[in-house]
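K.L.:
One structure follows; several queries about it will come next.
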Amino acid sequence: MKRNDYINIQAPMIADLHLKGNELLVFALIHGYTKDGKSRCRVSLNYMANWLCTGKSMVIKVINTLEKAGYINRHDYMEGAVRCVEYSTNYEALLDRVSSGETVSLEGVKKSRGVKITPASECAADGG
C-alpha cells in the first residue's frame with residue numbers, strides 16, 4: 001500500500017448494494033481499479049489484506065462471497081507458468097437492478113452452506 005493510495009466508498013455501495021465491513025472495503029478497492037468498465041484489478045491478496053488489516057484467508061472468504069453473489073467477476077489467466085487472477089465489479093449492472101426495483105444483497109450467499117469455492121492462485125503483483 002502506497003502512502004497516497006485510497007479507497008473511494010460511494011453512497012450507493014452502502015445504501016443500494018447493502019455492503020458493509022470487509023465486503024464494502026474489498027468491493028470499493030476493486031471498483032477503484034475497474035470503474036471505467038474496461039480495466040481489471042490485479043492486486044495481490046496481501047495487498048488487500050493490508051487494506052483490511054487482516055489475513056489472506058479473510059480476503060479469500062470475502063472475495064468468494066462477493067463473487068458468488070455476482071458483485072465481482074474473477075478473471076483467471078496464465079502468465080508463463082503462473083496462474084494469475086484479476087477482478088472486476090458489476091457495479092453499474094447491480095445499480096440497474098436496484099433501479100428496476102430488485103433487492104440486491106449478500107445475505108443469501110452468506111447464509112448458504114455447503115458450497116466451497118476454491119480460490120485461484122495469485123500473481124505477486126501489488127498495485128495496479
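Residue numbering restarts at 1 for every chain of the C-alpha cells, chains are lettered A, B, ... in their displayed order, and ligands are numbered from 1 as they appear.
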Using only C-alpha atoms, I'd like a table of the residues in segment 45-97 of chain A that come within 12 Å of segment 3-14 of chain A; for each, show the closest atom pair and its distance in Å rounded to one decimal, ordered by chain and ascending number, as a Markdown table.
P.N.:
```
| residue | atom | partner | partner_atom | distance |
| --- | --- | --- | --- | --- |
| A:Tyr47 | CA | A:Asp5 | CA | 11.3 |
| A:Met48 | CA | A:Ile7 | CA | 11.2 |
| A:Asn50 | CA | A:Asp5 | CA | 11.9 |
| A:Trp51 | CA | A:Ile7 | CA | 9.1 |
| A:Leu52 | CA | A:Ile7 | CA | 11.2 |
| A:Tyr71 | CA | A:Met13 | CA | 10.5 |
| A:Thr89 | CA | A:Met13 | CA | 11.5 |
| A:Asn90 | CA | A:Met13 | CA | 11.4 |
| A:Tyr91 | CA | A:Met13 | CA | 8.4 |
| A:Glu92 | CA | A:Pro12 | CA | 10.4 |
| A:Leu94 | CA | A:Met13 | CA | 9.7 |
| A:Leu95 | CA | A:Pro12 | CA | 7.8 |
| A:Asp96 | CA | A:Pro12 | CA | 11.4 |
```
K.L.:
Kindly export the residues of the current selection with all heavy atoms, as a short mmCIF file (atom, residue, chain, number, x, y, z; two decimals), in the first residue's frame.
P.N.:
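Full text of result-v1.cif as output:
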```
data_model
loop_
_atom_site.label_atom_id
_atom_site.label_comp_id
_atom_site.auth_asym_id
_atom_site.auth_seq_id
_atom_site.Cartn_x
_atom_site.Cartn_y
_atom_site.Cartn_z
N TYR A 47 -1.94 -7.43 -0.57
CA TYR A 47 -2.29 -6.01 -0.71
C TYR A 47 -3.69 -5.76 -0.14
O TYR A 47 -3.90 -4.84 0.64
CB TYR A 47 -2.22 -5.61 -2.18
CG TYR A 47 -2.51 -4.16 -2.45
CD1 TYR A 47 -1.51 -3.20 -2.32
CD2 TYR A 47 -3.77 -3.75 -2.87
CE1 TYR A 47 -1.76 -1.87 -2.59
CE2 TYR A 47 -4.02 -2.41 -3.13
CZ TYR A 47 -3.02 -1.47 -2.99
OH TYR A 47 -3.28 -0.15 -3.25
N MET A 48 -4.64 -6.63 -0.50
CA MET A 48 -6.00 -6.47 0.02
C MET A 48 -6.03 -6.69 1.53
O MET A 48 -6.72 -5.97 2.25
CB MET A 48 -6.95 -7.44 -0.67
CG MET A 48 -7.23 -7.09 -2.11
SD MET A 48 -8.49 -8.20 -2.76
CE MET A 48 -8.33 -7.90 -4.51
N ASN A 50 -3.72 -6.04 3.65
CA ASN A 50 -3.20 -4.84 4.30
C ASN A 50 -4.28 -3.78 4.44
O ASN A 50 -4.37 -3.10 5.46
CB ASN A 50 -2.01 -4.27 3.52
CG ASN A 50 -0.76 -5.08 3.72
OD1 ASN A 50 -0.60 -5.76 4.73
ND2 ASN A 50 0.15 -5.02 2.76
N TRP A 51 -5.12 -3.63 3.42
CA TRP A 51 -6.22 -2.66 3.48
C TRP A 51 -7.23 -3.05 4.56
O TRP A 51 -7.80 -2.20 5.22
CB TRP A 51 -6.93 -2.54 2.14
CG TRP A 51 -6.29 -1.56 1.22
CD1 TRP A 51 -5.47 -1.82 0.16
CD2 TRP A 51 -6.38 -0.13 1.29
NE1 TRP A 51 -5.06 -0.66 -0.43
CE2 TRP A 51 -5.62 0.40 0.25
CE3 TRP A 51 -7.04 0.75 2.14
CZ2 TRP A 51 -5.48 1.76 0.02
CZ3 TRP A 51 -6.92 2.12 1.92
CH2 TRP A 51 -6.14 2.60 0.87
N LEU A 52 -7.46 -4.33 4.72
CA LEU A 52 -8.45 -4.80 5.69
C LEU A 52 -7.85 -5.01 7.08
O LEU A 52 -8.58 -5.30 8.02
CB LEU A 52 -9.07 -6.12 5.22
CG LEU A 52 -10.26 -6.01 4.29
CD1 LEU A 52 -9.90 -5.39 2.97
CD2 LEU A 52 -10.91 -7.35 4.10
N TYR A 71 -21.36 -9.76 -7.31
CA TYR A 71 -20.88 -8.39 -7.15
C TYR A 71 -19.57 -8.16 -7.91
O TYR A 71 -19.31 -7.06 -8.36
CB TYR A 71 -20.66 -8.08 -5.67
CG TYR A 71 -21.91 -7.74 -4.91
CD1 TYR A 71 -22.97 -8.64 -4.79
CD2 TYR A 71 -22.04 -6.52 -4.26
CE1 TYR A 71 -24.12 -8.33 -4.08
CE2 TYR A 71 -23.17 -6.19 -3.54
CZ TYR A 71 -24.20 -7.11 -3.45
OH TYR A 71 -25.34 -6.79 -2.75
N THR A 89 -15.75 -5.37 -11.09
CA THR A 89 -17.03 -5.29 -10.38
C THR A 89 -18.18 -5.24 -11.39
O THR A 89 -17.99 -4.92 -12.56
CB THR A 89 -17.12 -4.04 -9.48
OG1 THR A 89 -17.14 -2.87 -10.30
CG2 THR A 89 -15.97 -3.98 -8.49
N ASN A 90 -19.35 -5.53 -10.88
CA ASN A 90 -20.59 -5.41 -11.65
C ASN A 90 -21.40 -4.23 -11.13
O ASN A 90 -22.63 -4.28 -11.06
CB ASN A 90 -21.41 -6.71 -11.54
CG ASN A 90 -20.74 -7.85 -12.25
OD1 ASN A 90 -20.25 -7.70 -13.35
ND2 ASN A 90 -20.71 -9.01 -11.61
N TYR A 91 -20.72 -3.17 -10.75
CA TYR A 91 -21.34 -2.04 -10.06
C TYR A 91 -22.52 -1.46 -10.84
O TYR A 91 -23.62 -1.34 -10.30
CB TYR A 91 -20.28 -0.97 -9.80
CG TYR A 91 -20.73 0.17 -8.92
CD1 TYR A 91 -21.23 -0.07 -7.65
CD2 TYR A 91 -20.63 1.48 -9.34
CE1 TYR A 91 -21.62 0.97 -6.83
CE2 TYR A 91 -21.01 2.53 -8.53
CZ TYR A 91 -21.51 2.26 -7.27
OH TYR A 91 -21.89 3.30 -6.46
N GLU A 92 -22.32 -1.10 -12.09
CA GLU A 92 -23.39 -0.47 -12.87
C GLU A 92 -24.57 -1.43 -13.06
O GLU A 92 -25.73 -1.04 -12.95
CB GLU A 92 -22.87 0.03 -14.21
CG GLU A 92 -21.85 1.15 -14.11
CD GLU A 92 -22.38 2.39 -13.36
OE1 GLU A 92 -23.58 2.72 -13.48
OE2 GLU A 92 -21.58 3.01 -12.64
N LEU A 94 -25.44 -3.89 -11.12
CA LEU A 94 -26.11 -4.03 -9.83
C LEU A 94 -27.00 -2.82 -9.55
O LEU A 94 -28.14 -2.97 -9.09
CB LEU A 94 -25.09 -4.20 -8.70
CG LEU A 94 -24.33 -5.53 -8.69
CD1 LEU A 94 -23.12 -5.45 -7.79
CD2 LEU A 94 -25.26 -6.67 -8.27
N LEU A 95 -26.51 -1.62 -9.85
CA LEU A 95 -27.32 -0.42 -9.65
C LEU A 95 -28.52 -0.40 -10.59
O LEU A 95 -29.61 0.07 -10.20
CB LEU A 95 -26.47 0.85 -9.84
CG LEU A 95 -25.40 1.08 -8.77
CD1 LEU A 95 -24.65 2.38 -9.06
CD2 LEU A 95 -26.00 1.11 -7.38
N ASP A 96 -28.37 -0.92 -11.80
CA ASP A 96 -29.50 -1.03 -12.73
C ASP A 96 -30.57 -1.97 -12.16
O ASP A 96 -31.77 -1.69 -12.27
CB ASP A 96 -29.04 -1.55 -14.10
CG ASP A 96 -28.27 -0.52 -14.89
OD1 ASP A 96 -28.31 0.69 -14.53
OD2 ASP A 96 -27.61 -0.91 -15.88
#
```
K.L.:
Out of A:Met78, A:Val26, A:Ile72, A:Val59, which residue has the shortest atom-to-atom distance to Ala93 of chain A when counting only C-alpha atoms?
P.N.:
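Checking each of A:Met78, A:Val26, A:Ile72, A:Val59 against Ala93 of chain A, counting only C-alpha atoms, the winner is A:Ile72.
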K.L.:
Which residues in chain A does DSSP call alpha helix (DSSP H)? List them as number ranges by chain.
P.N.:
A: 11-15, 21-34, 45-52, 56-68, 91-99, 107-111
K.L.:
Between A:Asn73, A:Ser57, A:Asn22, A:Asn64, which one has atoms that come closest to Cys41 of chain A, using only C-alpha atoms?
P.N.:
A:Asn73
K.L.:
Between atom CA of Gly37 of chain A and atom CA of Gly55 of chain A, what is the distance, to one decimal in Å?
P.N.:
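Going from atom CA of Gly37 of chain A over to atom CA of Gly55 of chain A, I get 28.5 Å.
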K.L.:
Measure the distance from atom CA of Glu23 of chain A to atom CA of Met58 of chain A in Å and round it to one decimal.
P.N.:
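Going from atom CA of Glu23 of chain A over to atom CA of Met58 of chain A, I get 10.2 Å.
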K.L.:
Pick the closest to Ser99 of chain A from A:Leu29, A:Lys2, A:Leu17, A:Thr34: which is it, counting only C-alpha atoms?
P.N.:
A:Leu17
K.L.:
Please return, as a ChimeraX atom specification, all residues of chain A that DSSP assigns to strand (DSSP E or B) on the basis of the backbone.
P.N.:
/A:41,72-79,82-89
K.L.:
Any chance you can output those residues with N, CA, C and O atoms as a compact mmCIF listing (two decimals), in the first residue's frame?
P.N.:
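Written output follows (part26.txt):
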```
# COMPACT_ATOMS: atom_id res chain seq x y z
N CYS A 41 -8.76 -5.25 -11.85
CA CYS A 41 -7.96 -5.10 -10.64
C CYS A 41 -7.01 -6.28 -10.52
O CYS A 41 -7.45 -7.43 -10.46
N ILE A 72 -18.75 -9.21 -7.98
CA ILE A 72 -17.49 -9.10 -8.69
C ILE A 72 -17.32 -10.30 -9.63
O ILE A 72 -18.00 -11.31 -9.47
N ASN A 73 -16.41 -10.16 -10.58
CA ASN A 73 -16.06 -11.22 -11.51
C ASN A 73 -14.59 -11.56 -11.32
O ASN A 73 -13.77 -10.67 -11.13
N ARG A 74 -14.28 -12.84 -11.40
CA ARG A 74 -12.91 -13.32 -11.33
C ARG A 74 -12.47 -13.65 -12.75
O ARG A 74 -13.19 -14.32 -13.49
N HIS A 75 -11.30 -13.20 -13.14
CA HIS A 75 -10.74 -13.46 -14.47
C HIS A 75 -9.40 -14.17 -14.28
O HIS A 75 -8.42 -13.55 -13.88
N ASP A 76 -9.37 -15.49 -14.53
CA ASP A 76 -8.15 -16.28 -14.40
C ASP A 76 -7.42 -16.31 -15.73
O ASP A 76 -8.05 -16.36 -16.78
N TYR A 77 -6.09 -16.31 -15.67
CA TYR A 77 -5.27 -16.44 -16.87
C TYR A 77 -3.89 -16.92 -16.47
O TYR A 77 -3.53 -16.90 -15.29
N MET A 78 -3.14 -17.37 -17.45
CA MET A 78 -1.78 -17.85 -17.21
C MET A 78 -0.79 -16.77 -17.64
O MET A 78 -0.96 -16.14 -18.68
N GLU A 79 0.22 -16.58 -16.83
CA GLU A 79 1.33 -15.69 -17.17
C GLU A 79 2.59 -16.54 -17.04
O GLU A 79 3.11 -16.71 -15.95
N VAL A 82 2.63 -19.35 -14.28
CA VAL A 82 1.92 -18.90 -13.08
C VAL A 82 0.47 -18.60 -13.42
O VAL A 82 0.18 -17.87 -14.36
N ARG A 83 -0.45 -19.19 -12.65
CA ARG A 83 -1.87 -18.88 -12.82
C ARG A 83 -2.16 -17.59 -12.05
O ARG A 83 -1.86 -17.49 -10.86
N CYS A 84 -2.72 -16.61 -12.74
CA CYS A 84 -2.99 -15.30 -12.16
C CYS A 84 -4.49 -15.04 -12.13
O CYS A 84 -5.26 -15.71 -12.81
N VAL A 85 -4.87 -14.06 -11.36
CA VAL A 85 -6.28 -13.70 -11.27
C VAL A 85 -6.41 -12.18 -11.21
O VAL A 85 -5.59 -11.49 -10.60
N GLU A 86 -7.42 -11.68 -11.89
CA GLU A 86 -7.80 -10.27 -11.84
C GLU A 86 -9.28 -10.21 -11.51
O GLU A 86 -10.00 -11.20 -11.68
N TYR A 87 -9.73 -9.06 -11.05
CA TYR A 87 -11.13 -8.91 -10.66
C TYR A 87 -11.72 -7.66 -11.31
O TYR A 87 -11.01 -6.70 -11.61
N SER A 88 -13.02 -7.69 -11.51
CA SER A 88 -13.78 -6.52 -11.94
C SER A 88 -15.09 -6.53 -11.17
O SER A 88 -15.51 -7.56 -10.64
N THR A 89 -15.75 -5.37 -11.09
CA THR A 89 -17.03 -5.29 -10.38
C THR A 89 -18.18 -5.24 -11.39
O THR A 89 -17.99 -4.92 -12.56
```
K.L.:
Work out how far apart atom CA of Lys20 of chain A and atom CA of Lys38 of chain A are and give it in Å to one decimal.
P.N.:
25.3 Å
K.L.:
Go through A:Glu67, A:Ser105, A:Ala15, A:Thr54 and flag the residue nearest Phe27 of chain A, using only C-alpha atoms for the distances.
P.N.:
A:Glu67
